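*Asks:* Pasting model-v7.cif below, which is mmCIF, C-alpha atoms and all ligand atoms.
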```cif
data_upload
loop_
_atom_site.label_atom_id
_atom_site.label_comp_id
_atom_site.auth_asym_id
_atom_site.auth_seq_id
_atom_site.Cartn_x
_atom_site.Cartn_y
_atom_site.Cartn_z
CA MET A 1 -7.82 -13.21 -13.70
CA LYS A 2 -4.69 -12.13 -15.55
CA THR A 3 -3.35 -8.91 -14.02
CA ILE A 4 -1.96 -6.33 -16.46
CA ILE A 5 1.28 -4.83 -15.10
CA ARG A 6 2.45 -1.49 -16.54
CA LYS A 7 5.35 0.79 -15.66
CA MET A 8 4.44 4.46 -15.45
CA THR A 9 6.51 7.37 -14.21
CA GLY A 10 5.18 10.54 -15.82
CA GLU A 11 2.04 11.59 -17.67
CA ASP A 12 1.61 8.49 -19.83
CA ARG A 13 -1.73 9.08 -21.54
CA GLU A 14 -2.16 5.57 -22.94
CA THR A 15 -1.70 3.83 -19.57
CA ALA A 16 -3.86 6.40 -17.78
CA GLU A 17 -6.68 5.85 -20.27
CA GLU A 18 -6.38 2.10 -19.92
CA ALA A 19 -6.71 2.48 -16.12
CA ALA A 20 -9.64 4.89 -16.49
CA ARG A 21 -11.47 2.41 -18.75
CA ILE A 22 -11.04 -0.32 -16.12
CA TRP A 23 -12.29 1.98 -13.35
CA ARG A 24 -15.33 3.09 -15.37
CA ALA A 25 -16.19 -0.54 -16.05
CA GLY A 26 -16.13 -1.28 -12.30
CA GLY A 27 -12.67 -2.93 -12.17
CA LEU A 28 -9.66 -2.43 -9.90
CA VAL A 29 -6.29 -0.78 -10.58
CA ALA A 30 -3.46 -0.53 -8.03
CA PHE A 31 -1.31 2.59 -8.31
CA PRO A 32 1.47 4.47 -6.51
CA THR A 33 0.83 7.44 -4.27
CA GLU A 34 3.35 9.48 -2.27
CA THR A 35 2.47 7.50 0.91
CA VAL A 36 1.95 3.85 -0.07
CA TYR A 37 0.43 2.03 -3.08
CA GLY A 38 -3.37 2.15 -3.26
CA LEU A 39 -5.89 -0.35 -4.64
CA GLY A 40 -8.33 1.83 -6.57
CA GLY A 41 -11.91 1.38 -7.73
CA ASN A 42 -14.73 3.78 -8.65
CA GLY A 43 -15.67 5.25 -5.26
CA LEU A 44 -19.21 6.06 -6.40
CA ASP A 45 -19.90 2.49 -7.51
CA ALA A 46 -21.00 0.29 -4.60
CA SER A 47 -20.05 -2.91 -6.41
CA ALA A 48 -16.50 -1.65 -7.11
CA SER A 49 -16.08 -1.00 -3.38
CA GLU A 50 -17.29 -4.52 -2.66
CA LYS A 51 -14.68 -5.84 -5.10
CA ILE A 52 -11.97 -3.91 -3.24
CA TYR A 53 -12.93 -5.56 0.05
CA ALA A 54 -12.95 -8.98 -1.59
CA ALA A 55 -9.56 -8.53 -3.33
CA LYS A 56 -7.90 -7.43 -0.08
CA CYS A 57 -9.83 -9.92 2.11
CA ARG A 58 -10.72 -6.81 4.16
CA PRO A 59 -13.66 -6.61 6.61
CA SER A 60 -16.33 -4.46 4.92
CA ASP A 61 -16.93 -2.28 8.02
CA ASN A 62 -13.54 -0.66 7.43
CA PRO A 63 -14.21 2.43 5.26
CA LEU A 64 -12.23 3.48 2.18
CA ILE A 65 -10.57 6.81 1.39
CA LEU A 66 -11.80 8.68 -1.72
CA HIS A 67 -8.98 10.11 -3.84
CA ILE A 68 -9.54 13.21 -5.98
CA ALA A 69 -7.42 15.25 -8.41
CA GLU A 70 -9.12 18.66 -8.15
CA ARG A 71 -10.64 20.70 -5.37
CA SER A 72 -13.85 21.06 -7.45
CA GLN A 73 -14.52 17.32 -7.06
CA LEU A 74 -14.96 17.73 -3.31
CA ASP A 75 -18.18 19.75 -3.45
CA GLY A 76 -20.40 16.91 -4.63
CA LEU A 77 -19.02 14.46 -2.10
CA VAL A 78 -19.52 16.31 1.20
CA THR A 79 -22.31 18.35 2.83
CA GLU A 80 -20.22 21.08 4.46
CA ILE A 81 -16.69 22.50 4.20
CA THR A 82 -15.69 24.20 7.46
CA PRO A 83 -13.15 27.07 7.71
CA GLN A 84 -10.72 24.63 9.37
CA ALA A 85 -11.07 22.27 6.40
CA GLU A 86 -10.32 25.18 4.05
CA ILE A 87 -7.14 26.01 5.98
CA LEU A 88 -5.92 22.40 6.05
CA MET A 89 -6.65 21.87 2.35
CA ASP A 90 -4.91 25.12 1.34
CA ARG A 91 -1.91 24.18 3.40
CA PHE A 92 -1.51 20.43 2.79
CA TRP A 93 -3.34 19.45 -0.42
CA PRO A 94 -2.23 17.94 -2.67
CA GLY A 95 -0.37 15.81 -0.14
CA PRO A 96 -0.49 13.06 2.49
CA LEU A 97 -3.45 14.36 4.51
CA THR A 98 -6.87 12.69 4.59
CA LEU A 99 -9.81 14.70 5.92
CA ILE A 100 -13.11 13.31 7.24
CA PHE A 101 -16.27 15.18 6.23
CA ASN A 102 -20.01 14.46 6.47
CA LYS A 103 -20.76 12.67 3.22
CA SER A 104 -23.32 13.58 0.57
CA GLU A 105 -25.92 11.13 -0.80
CA ARG A 106 -23.69 10.47 -3.82
CA VAL A 107 -21.16 8.50 -1.80
CA PRO A 108 -22.43 4.94 -1.30
CA LEU A 109 -22.45 3.43 2.19
CA GLU A 110 -20.50 0.48 0.73
CA THR A 111 -17.55 2.86 0.21
CA THR A 112 -17.75 4.33 3.73
CA GLY A 113 -18.22 1.01 5.54
CA GLY A 114 -21.73 2.10 6.54
CA LEU A 115 -20.64 5.47 8.01
CA THR A 116 -22.34 8.78 7.18
CA THR A 117 -18.90 10.42 6.93
CA ALA A 118 -16.37 10.15 4.09
CA ALA A 119 -12.57 10.26 4.11
CA ILE A 120 -11.11 12.33 1.24
CA ARG A 121 -7.57 12.93 0.08
CA MET A 122 -5.82 14.59 -2.86
CA PRO A 123 -2.52 12.80 -3.49
CA SER A 124 0.53 14.73 -4.70
CA HIS A 125 2.27 11.83 -6.45
CA PRO A 126 2.48 12.80 -10.15
CA VAL A 127 1.32 9.37 -11.37
CA ALA A 128 -1.59 9.25 -8.91
CA HIS A 129 -2.57 12.80 -9.76
CA TYR A 130 -2.53 12.19 -13.51
CA LEU A 131 -4.49 8.92 -13.23
CA LEU A 132 -7.17 10.63 -11.11
CA GLN A 133 -7.33 13.57 -13.49
CA VAL A 134 -7.76 11.40 -16.58
CA ALA A 135 -10.34 9.19 -14.83
CA GLY A 136 -12.32 12.21 -13.59
CA ILE A 137 -14.09 10.17 -10.89
CA PRO A 138 -13.30 9.87 -7.18
CA ILE A 139 -11.31 6.71 -6.67
CA ALA A 140 -11.74 4.72 -3.46
CA ALA A 141 -8.34 3.31 -2.54
CA PRO A 142 -7.17 1.50 0.55
CA SER A 143 -3.54 0.49 0.80
CA ALA A 144 -2.87 -2.19 -1.85
CA ASN A 145 -1.92 -5.00 0.55
CA ARG A 146 -3.84 -8.08 1.59
CA SER A 147 -5.53 -7.27 4.88
CA GLY A 148 -3.13 -7.81 7.79
CA ARG A 149 0.09 -7.36 5.77
CA PRO A 150 2.26 -4.24 5.83
CA SER A 151 1.23 -1.57 3.32
CA PRO A 152 3.10 -1.83 -0.01
CA THR A 153 5.82 0.71 -0.71
CA ASN A 154 6.76 -0.64 -4.15
CA ALA A 155 5.03 -2.50 -6.99
CA HIS A 156 6.74 -5.77 -6.09
CA HIS A 157 4.91 -5.75 -2.72
CA VAL A 158 1.60 -5.19 -4.54
CA ILE A 159 2.29 -8.02 -6.97
CA GLU A 160 3.09 -10.32 -4.01
CA ASP A 161 -0.29 -9.61 -2.41
CA LEU A 162 -2.67 -8.96 -5.33
CA ASP A 163 -1.40 -10.55 -8.57
CA GLY A 164 -4.33 -12.38 -10.21
CA ARG A 165 -6.89 -10.61 -7.96
CA VAL A 166 -7.09 -7.20 -9.70
CA GLU A 167 -7.29 -6.02 -13.33
CA MET A 168 -4.15 -3.88 -13.35
CA ILE A 169 -1.10 -2.88 -11.30
CA ILE A 170 0.75 0.33 -12.18
CA ASP A 171 4.43 0.25 -11.26
CA GLY A 172 5.67 3.74 -10.45
CA GLY A 173 8.74 2.66 -8.48
CA ASP A 174 9.38 3.19 -4.77
CA VAL A 175 7.04 5.56 -2.91
CA GLY A 176 8.55 8.58 -1.14
CA ILE A 177 6.96 8.57 2.32
CA GLY A 178 6.33 4.92 3.15
CA VAL A 179 3.56 5.22 5.78
CA GLU A 180 -0.10 5.96 5.11
CA SER A 181 -1.58 9.46 5.16
CA THR A 182 -2.34 11.45 8.30
CA ILE A 183 -6.10 11.31 8.98
CA VAL A 184 -7.94 14.22 10.64
CA ASP A 185 -11.64 14.14 11.52
CA LEU A 186 -13.33 17.52 11.03
CA THR A 187 -16.88 16.45 11.86
CA GLY A 188 -16.65 17.28 15.59
CA GLY A 189 -15.73 20.68 17.06
CA VAL A 190 -11.97 20.37 17.56
CA PRO A 191 -10.11 18.61 14.71
CA CYS A 192 -9.18 15.12 15.86
CA LEU A 193 -6.16 13.14 14.66
CA LEU A 194 -7.27 9.58 13.90
CA ARG A 195 -4.06 8.28 12.29
CA PRO A 196 -0.60 9.90 12.53
CA GLY A 197 1.47 10.24 9.36
CA TYR A 198 4.05 12.33 7.55
CA ILE A 199 2.06 15.50 8.26
CA THR A 200 2.69 15.73 11.98
CA VAL A 201 0.72 16.92 15.01
CA GLU A 202 3.12 19.85 15.11
CA ASP A 203 2.35 20.72 11.44
CA LEU A 204 -1.40 20.51 12.01
CA GLU A 205 -1.35 22.59 15.19
CA ALA A 206 0.72 25.26 13.47
CA ALA A 207 -2.10 25.53 10.91
CA VAL A 208 -5.32 25.26 12.98
CA GLY A 209 -4.32 25.42 16.66
CA LYS A 210 -4.83 22.69 19.26
CA ILE A 211 -6.09 19.36 17.93
CA SER A 212 -7.15 16.28 19.87
CA LEU A 213 -5.61 12.82 19.48
CA ASP A 214 -7.81 9.75 19.19
CA PRO A 215 -6.92 7.25 21.97
CA ALA A 216 -6.73 4.43 19.39
CA ILE A 217 -3.42 5.96 18.21
CA TYR A 218 -1.78 4.81 21.44
CA HIS A 219 -3.83 1.96 22.79
CA GLN A 220 -4.89 -1.40 21.56
CA VAL A 221 -8.63 -1.26 21.08
CA SER A 222 -10.70 -4.18 22.34
CA ALA A 223 -13.15 -5.92 20.06
CA ASP A 224 -16.25 -4.25 21.59
CA VAL A 225 -14.97 -0.70 21.11
CA HIS A 226 -15.60 1.28 17.92
CA PRO A 227 -12.69 3.66 17.32
CA LYS A 228 -13.41 6.66 15.08
CA ALA A 229 -11.24 5.21 12.32
CA PRO A 230 -12.52 1.64 12.21
CA GLY A 231 -9.25 0.49 10.64
CA MET A 232 -7.39 1.30 13.85
CA LYS A 233 -8.94 -1.68 15.64
CA TYR A 234 -7.33 -4.27 13.42
CA ARG A 235 -3.89 -5.72 14.03
CA HIS A 236 -2.37 -4.30 10.89
CA TYR A 237 1.08 -4.72 9.54
CA ALA A 238 1.59 -7.92 11.45
CA PRO A 239 4.77 -9.70 10.40
CA LYS A 240 4.62 -13.51 10.53
CA ALA A 241 7.13 -13.72 13.41
CA ASP A 242 6.47 -12.69 17.03
CA MET A 243 7.61 -9.15 17.51
CA ALA A 244 8.52 -7.03 20.55
CA ILE A 245 9.62 -3.42 20.88
CA VAL A 246 12.47 -2.88 23.32
CA GLU A 247 12.45 0.49 25.05
CA GLY A 248 15.28 1.96 27.15
CA ASN A 249 18.64 3.65 26.76
CA ASP A 250 20.77 2.42 23.83
CA ALA A 251 23.15 0.33 25.95
CA ALA A 252 20.32 -1.46 27.81
CA VAL A 253 18.43 -2.17 24.57
CA VAL A 254 21.46 -3.54 22.71
CA ASP A 255 22.46 -5.65 25.71
CA TYR A 256 18.95 -7.11 26.12
CA ILE A 257 18.64 -8.02 22.43
CA ASN A 258 22.13 -9.52 22.34
CA ARG A 259 21.21 -11.70 25.33
CA GLN A 260 18.06 -12.94 23.56
CA ILE A 261 20.12 -13.80 20.48
CA SER A 262 22.75 -15.73 22.45
CA GLU A 263 20.26 -17.46 24.76
CA HIS A 264 18.10 -18.70 21.85
CA PRO A 265 20.53 -19.98 19.20
CA GLU A 266 17.75 -22.26 17.91
CA LYS A 267 15.72 -19.21 16.86
CA LYS A 268 16.27 -17.07 13.78
CA THR A 269 16.14 -13.57 15.29
CA GLY A 270 15.50 -10.37 13.35
CA VAL A 271 16.62 -7.04 14.76
CA LEU A 272 15.06 -3.78 13.55
CA ALA A 273 17.90 -1.42 14.35
CA THR A 274 18.94 2.21 14.10
CA ASP A 275 22.11 3.36 12.31
CA GLU A 276 23.57 4.29 15.69
CA ASN A 277 23.30 0.75 17.10
CA ALA A 278 23.28 -1.60 14.10
CA ARG A 279 26.94 -2.61 14.40
CA LYS A 280 26.60 -3.45 18.10
CA TYR A 281 24.48 -6.58 17.59
CA ARG A 282 26.24 -9.93 17.79
CA GLY A 283 24.34 -12.28 15.51
CA GLY A 284 20.75 -12.18 14.39
CA ILE A 285 19.60 -10.66 11.12
CA VAL A 286 20.00 -6.93 11.56
CA LEU A 287 18.02 -4.61 9.27
CA CYS A 288 18.65 -0.93 9.60
CA ALA A 289 15.70 1.50 9.54
CA GLY A 290 17.77 4.69 9.65
CA ASP A 291 19.09 7.42 11.87
CA GLN A 292 17.54 7.95 15.34
CA ASN A 293 17.11 11.62 14.49
CA ASP A 294 15.53 11.10 11.07
CA MET A 295 12.04 9.72 11.58
CA ALA A 296 11.09 10.42 7.95
CA GLU A 297 13.84 8.00 6.90
CA VAL A 298 12.67 5.38 9.41
CA ALA A 299 9.06 5.78 8.22
CA HIS A 300 10.25 5.32 4.64
CA ASN A 301 11.97 1.99 5.44
CA LEU A 302 9.63 0.50 8.03
CA PHE A 303 7.12 -1.54 5.99
CA LYS A 304 9.78 -2.74 3.55
CA ILE A 305 11.78 -4.10 6.48
CA LEU A 306 8.77 -5.87 8.03
CA ARG A 307 8.14 -7.59 4.70
CA GLU A 308 11.83 -8.47 4.44
CA PHE A 309 11.71 -10.21 7.82
CA ASP A 310 8.79 -12.28 6.51
CA ASP A 311 10.76 -13.20 3.38
CA LEU A 312 13.78 -14.17 5.49
CA GLY A 313 11.61 -16.43 7.63
CA VAL A 314 12.72 -15.11 11.03
CA ASP A 315 11.06 -16.64 14.14
CA GLN A 316 11.18 -13.55 16.35
CA ILE A 317 11.77 -9.84 15.83
CA TYR A 318 13.10 -7.32 18.32
CA SER A 319 12.78 -3.69 17.37
CA GLU A 320 14.43 -0.68 18.90
CA SER A 321 12.04 2.04 20.01
CA PHE A 322 11.77 5.53 18.46
CA THR A 323 10.81 9.03 19.50
CA THR A 324 7.14 10.02 19.16
CA LYS A 325 8.06 13.55 18.06
CA GLY A 326 7.31 14.62 14.48
CA GLU A 327 6.97 11.65 12.09
CA GLY A 328 8.07 9.45 15.01
CA LEU A 329 4.45 9.24 16.19
CA ALA A 330 3.49 7.56 12.88
CA VAL A 331 6.48 5.21 13.15
CA MET A 332 5.69 4.16 16.73
CA ASN A 333 1.95 3.82 15.98
CA ARG A 334 2.68 1.38 13.11
CA LEU A 335 5.39 -0.46 15.06
CA MET A 336 3.13 -0.92 18.09
CA LYS A 337 0.45 -2.43 15.86
CA ALA A 338 2.97 -4.70 14.18
CA ALA A 339 4.13 -5.89 17.60
CA GLY A 340 0.58 -6.36 18.91
CA HIS A 341 1.57 -3.79 21.58
CA THR A 342 4.28 -6.03 23.07
CA VAL A 343 6.83 -3.70 24.70
CA ILE A 344 9.79 -4.62 26.89
CA ARG A 345 10.72 -1.67 29.15
CA LEU A 346 14.31 -1.47 30.39
CA GLU A 347 16.46 1.07 32.17
CA GLY A 348 16.00 4.51 30.64
CA ALA A 349 12.53 3.78 29.22
CA ASP A 350 10.20 6.78 29.24
CA ASN A 351 7.95 6.47 32.30
CA ASP A 352 5.47 9.01 30.99
CA SER A 353 5.07 7.05 27.77
CA HIS A 354 1.59 7.26 26.24
CA TRP A 355 1.94 3.66 25.13
CA MET A 356 1.76 2.27 28.67
O1 LIG B 401 -1.99 7.05 2.45
C1 LIG B 401 -3.13 6.54 2.44
O2 LIG B 401 -4.08 7.02 3.08
C2 LIG B 401 -3.31 5.28 1.61
C3 LIG B 401 -3.12 5.67 0.14
C4 LIG B 401 -3.42 4.54 -0.80
O3 LIG B 401 -3.87 6.79 -0.16
N1 LIG B 401 -4.59 4.69 1.85
C5 LIG B 401 -4.88 4.05 3.01
O4 LIG B 401 -6.14 3.49 3.06
O5 LIG B 401 -4.10 3.95 3.94
P1 LIG B 401 -6.55 2.37 4.11
O6 LIG B 401 -7.91 1.95 3.65
O7 LIG B 401 -5.54 1.32 4.19
O8 LIG B 401 -6.74 3.15 5.45
C6 LIG B 401 -7.84 4.01 5.59
C7 LIG B 401 -8.07 4.35 7.03
C8 LIG B 401 -8.67 3.20 7.82
O9 LIG B 401 -8.09 3.17 9.12
C9 LIG B 401 -10.14 3.63 7.89
O10 LIG B 401 -10.78 3.09 9.02
C10 LIG B 401 -10.04 5.13 7.94
O11 LIG B 401 -9.01 5.42 7.05
N2 LIG B 401 -11.26 5.78 7.43
C11 LIG B 401 -11.75 5.78 6.18
N3 LIG B 401 -12.91 6.44 6.11
C12 LIG B 401 -13.18 6.89 7.35
C13 LIG B 401 -14.25 7.63 7.94
N4 LIG B 401 -15.30 8.04 7.22
N5 LIG B 401 -14.20 7.89 9.26
C14 LIG B 401 -13.12 7.49 9.99
N6 LIG B 401 -12.09 6.77 9.49
C15 LIG B 401 -12.12 6.47 8.20
MG MG B 402 -4.37 -0.16 4.96
#
```
Mind turning this structure into structure tokens?

*Replies:*
Amino acid sequence: MKTIIRKMTGEDRETAEEAARIWRAGGLVAFPTETVYGLGGNGLDASASEKIYAAKCRPSDNPLILHIAERSQLDGLVTEITPQAEILMDRFWPGPLTLIFNKSERVPLETTGGLTTAAIRMPSHPVAHYLLQVAGIPIAAPSANRSGRPSPTNAHHVIEDLDGRVEMIIDGGDVGIGVESTIVDLTGGVPCLLRPGYITVEDLEAAVGKISLDPAIYHQVSADVHPKAPGMKYRHYAPKADMAIVEGNDAAVVDYINRQISEHPEKKTGVLATDENARKYRGGIVLCAGDQNDMAEVAHNLFKILREFDDLGVDQIYSESFTTKGEGLAVMNRLMKAAGHTVIRLEGADNDSHWM
């Protein structure tokens, strides 16, 4: 299929109507959100959801998030809205927070990967918001990457993965946040964080009190376990090269990575570095994720850098380790998945680390 590619920054009625026509006819349109690009289809149309899985080569037991423009769209999709849900929506919608509710009959099981719950989010990105408003239907949208690749943070990444596989790609430039939305399950008693993101544990607890953290955030889940967010069991974001995270004090980390570079001159080594240490590496291809104290900046750059290492054809990647405070939990969660949980612990590594 020939993919239509359109630039869109503001409220461009013509492009939005073109996208809405494709969605209503059961087709797929990729579009920017504030987190990452999404691959959208009509979330109430079982066959559109099946097309999404096929275009991404994604296992169909991994449920999709429904995207809405207005609070009024929620009522028909879920069976109950708890007081905690009200608080979280008032506080964080529109924005990068996905909430899990018990689903109504209207939401097809094909969209929810067979689950009786549904994930819902109201994006704040002006292009996403306008597209959803003009379409007037809930749009199911996973990240717009081929399954197993890092989520796309610009239209070029989407074109790399999906050109010729979807009806339309809307290019709205670079996304702001760069990691996928925070997911909170509200179907149990205590709200449970299933996926960390830009809205942090600290933000959530300030709004609704103590929340629980799903163990799949920290640990690799074995094939026979069913984590609450089925997507958490897959090795996402895997770069093509072998990757390890090096944990310890700055001097130990830099020294270890420098030794790997000098002991393996035959290998093309990528280093995912912080601003503080980037200039200390001797050799290798050093890509800088940002300041050690600015996890929002690191989150913003992370997936772009993993794709860059793929493009550069490195054989191995060593990454520095980051704090798990604030947005750092989202960064470390994605990094650990990318590295298949390979961690090298040196002097100064945190012995109470949840990742152990
Ligand atoms: O920021 C985002 O959330 C992006 C943009 C496009 O909105 N979307 C995104 O979708 O990251 P995706 O499909 O790549 O990730 C959705 C995650 C998966 O881990 C999936 O298992 C989980 O949400 N999920 C979806 N529905 C669920 C449900 N009913 N219960 C538990 N987890 C669910
Ligand atoms: Mg994804």

*Asks:* Name each residue within 8 Å of ligand MG 402 (chain B), counting all atoms listed in the file, as an MDAnalysis selection string.

*Replies:* chainID A and resid 142:145 147 150:151 180 231 236

*Asks:* Could you jot down the atom CA of A:Pro108 to atom CA of A:Ala46 separation for me, Å, one decimal place?

*Replies:*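 Rounded to one decimal, the two atoms are 5.9 Å apart.
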
*Asks:* Provide an axis-aligned box for all listed atoms of ligand LIG 401 (chain B), padding each side by 5 Å; report its centre and its edge lengths in Å to one decimal, as JSON.

*Replies:*
```
{"center_x": -8.6, "center_y": 4.7, "center_z": 4.6, "size_x": 23.3, "size_y": 16.7, "size_z": 20.8}
```

*Asks:* The residues within 12 Å of (-3.9, 23.4, 11.1), using only C-alpha atoms and the coordinates of the file, should be reported as a PyMOL selection string; which are they?

*Replies:* chain A and resi 83-92+97+99+184+186+190-193+199-212

*Asks:* Report as JSON lines: every residue of stretch 266-350 of chain A with an atom at most 7 Å from stretch 249-256 of chain A, its closest pair of atoms, and their distance in Å to one decimal, counting all atoms listed in the file, with rows sorted by chain and ascending residue number.

*Replies:*
```
{"residue": "A:Lys280", "atom": "CA", "partner": "A:Val254", "partner_atom": "CA", "distance": 6.9}
{"residue": "A:Tyr281", "atom": "CA", "partner": "A:Val254", "partner_atom": "CA", "distance": 6.7}
{"residue": "A:Leu346", "atom": "CA", "partner": "A:Ala252", "partner_atom": "CA", "distance": 6.5}
{"residue": "A:Glu347", "atom": "CA", "partner": "A:Ala252", "partner_atom": "CA", "distance": 6.3}
{"residue": "A:Gly348", "atom": "CA", "partner": "A:Asn249", "partner_atom": "CA", "distance": 4.8}
{"residue": "A:Ala349", "atom": "CA", "partner": "A:Asn249", "partner_atom": "CA", "distance": 6.6}
```

*Asks:* Contacts between stretch 302-316 of chain A and stretch 143-242 of chain A, please, where a residue of stretch 143-242 of chain A counts if it comes within 8 Å (with all atoms listed in the file); show its shortest atom pair and distance in Å to one decimal, rows by chain and ascending number, as JSON lines.

*Replies:*
```
{"residue": "A:Pro150", "atom": "CA", "partner": "A:Phe303", "partner_atom": "CA", "distance": 5.6}
{"residue": "A:Ser151", "atom": "CA", "partner": "A:Phe303", "partner_atom": "CA", "distance": 6.5}
{"residue": "A:Pro152", "atom": "CA", "partner": "A:Phe303", "partner_atom": "CA", "distance": 7.2}
{"residue": "A:Thr153", "atom": "CA", "partner": "A:Lys304", "partner_atom": "CA", "distance": 6.8}
{"residue": "A:Gly178", "atom": "CA", "partner": "A:Phe303", "partner_atom": "CA", "distance": 7.1}
{"residue": "A:Val179", "atom": "CA", "partner": "A:Phe303", "partner_atom": "CA", "distance": 7.6}
{"residue": "A:Tyr237", "atom": "CA", "partner": "A:Phe303", "partner_atom": "CA", "distance": 7.7}
{"residue": "A:Pro239", "atom": "CA", "partner": "A:Leu306", "partner_atom": "CA", "distance": 6.0}
{"residue": "A:Lys240", "atom": "CA", "partner": "A:Asp310", "partner_atom": "CA", "distance": 5.9}
{"residue": "A:Ala241", "atom": "CA", "partner": "A:Asp315", "partner_atom": "CA", "distance": 5.0}
{"residue": "A:Asp242", "atom": "CA", "partner": "A:Gln316", "partner_atom": "CA", "distance": 4.8}
```

*Asks:* Within 6 Å of ligand LIG 401 (chain B) (counting only C-alpha atoms and all ligand atoms), which residues show up? I'd like them as number ranges by chain.

*Replies:* A: 35-38, 62-65, 100, 112, 115, 117-119, 141-143, 180-181, 228-232

*Asks:* Quick one, how far is atom CA of A:Leu66 from atom CA of A:Thr79?

*Replies:*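 Distance reported for this atom pair: 15.0 Å.
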
*Asks:* Hey, can you check how far atom CA of A:Gly41 sits from atom CA of A:Ala155?

*Replies:*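 Separation of atom CA of A:Gly41 and atom CA of A:Ala155: 17.4 Å.
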
*Asks:* Rank nothing, just name the residue among A:Lys51, A:Arg106, A:Arg24, A:Arg165 nearest to A:Lys2, using all atoms listed in the file.

*Replies:*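 For A:Lys2, the nearest of the candidates is A:Arg165.
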
*Asks:* Rank nothing, just name the residue among A:Thr33, A:Asn258, A:Thr9, A:Ser49 nearest to A:Arg121, using only C-alpha atoms.

*Replies:* A:Thr33

*Asks:* Determine the nearest neighbour of A:Thr111 from the options A:Asp45, A:Glu17, A:Glu266, A:Glu276, counting all atoms listed in the file.

*Replies:* A:Asp45

*Asks:* Restricting the calculation to all atoms listed in the file, which member of A:Asn42, A:Thr274, A:Ser222, A:Ser60 is positioned closest to A:Gly26?

*Replies:*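 Checking each of A:Asn42, A:Thr274, A:Ser222, A:Ser60 against A:Gly26, counting all atoms listed in the file, the winner is A:Asn42.
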
*Asks:* Do a neighbour search on A:Arg71 at 9 Å with all atoms listed in the file, toss out local chain neighbours closer than 2 positions, and write the hits as a PDB file with C-alpha atoms, keeping the file's coordinate frame.

*Replies:*
```pdb
ATOM      1  CA  ILE A  68      -9.540  13.210  -5.980  1.00  0.00           C
ATOM      2  CA  ALA A  69      -7.420  15.250  -8.410  1.00  0.00           C
ATOM      3  CA  GLN A  73     -14.520  17.320  -7.060  1.00  0.00           C
ATOM      4  CA  LEU A  74     -14.960  17.730  -3.310  1.00  0.00           C
ATOM      5  CA  ASP A  75     -18.180  19.750  -3.450  1.00  0.00           C
ATOM      6  CA  MET A  89      -6.650  21.870   2.350  1.00  0.00           C
ATOM      7  CA  TRP A  93      -3.340  19.450  -0.420  1.00  0.00           C
ATOM      8  CA  MET A 122      -5.820  14.590  -2.860  1.00  0.00           C
TER       9      MET A 122
END
```

*Asks:* Could you tell me which of A:Val331, A:Ala339, A:Ile52, A:Leu28 comes closest to A:Met168 if we count all atoms listed in the file?

*Replies:*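 Between A:Val331, A:Ala339, A:Ile52, A:Leu28, the residue approaching A:Met168 most closely is A:Leu28.
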
*Asks:* Would you kindly identify which residues have an atom no farther than 10 Å from (-11.6, 11.6, -17.4), using all atoms listed in the file and the file's own coordinates, and write them out as JSON, numbers by chain?

*Replies:* {"A": [16, 17, 20, 21, 24, 130, 131, 132, 133, 134, 135, 136, 137]}

*Asks:* Select, from A:Ala238, A:Met8, A:Ile261, A:Ala54, the residue with the minimum atom-to-atom distance to A:Gly148, counting all atoms listed in the file.

*Replies:*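 Nearest to A:Gly148: A:Ala238.
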
*Asks:* As an NGL selection string, please: the residues near A:Ala289 (cut-off 10 Å, all atoms listed in the file, same-chain neighbours under 4 positions excluded).

*Replies:* :A and (272-275 or 278 or 294-295 or 297-305 or 319-320)

*Asks:* Write stretch 54-62 of chain A as a compact mmCIF listing (two decimals), in the coordinates of the input, completed to N, CA and C atoms.

*Replies:*
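In the end it all went to rebuild-v5.txt:
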```txt
# COMPACT_ATOMS: atom_id res chain seq x y z
N ALA A 54 -13.18 -7.57 -1.28
CA ALA A 54 -12.95 -8.98 -1.59
C ALA A 54 -11.49 -9.21 -2.00
N ALA A 55 -10.94 -8.33 -2.84
CA ALA A 55 -9.56 -8.53 -3.33
C ALA A 55 -8.55 -8.46 -2.19
N LYS A 56 -8.82 -7.60 -1.22
CA LYS A 56 -7.90 -7.43 -0.08
C LYS A 56 -8.18 -8.40 1.06
N CYS A 57 -9.33 -9.11 0.99
CA CYS A 57 -9.83 -9.92 2.11
C CYS A 57 -10.00 -9.00 3.33
N ARG A 58 -10.58 -7.82 3.10
CA ARG A 58 -10.72 -6.81 4.16
C ARG A 58 -12.14 -6.81 4.71
N PRO A 59 -12.30 -6.69 6.04
CA PRO A 59 -13.66 -6.61 6.61
C PRO A 59 -14.39 -5.39 6.04
N SER A 60 -15.66 -5.54 5.67
CA SER A 60 -16.33 -4.46 4.92
C SER A 60 -16.87 -3.36 5.84
N ASP A 61 -16.57 -3.42 7.16
CA ASP A 61 -16.93 -2.28 8.02
C ASP A 61 -15.77 -1.30 8.13
N ASN A 62 -14.71 -1.53 7.35
CA ASN A 62 -13.54 -0.66 7.43
C ASN A 62 -13.54 0.27 6.21
```
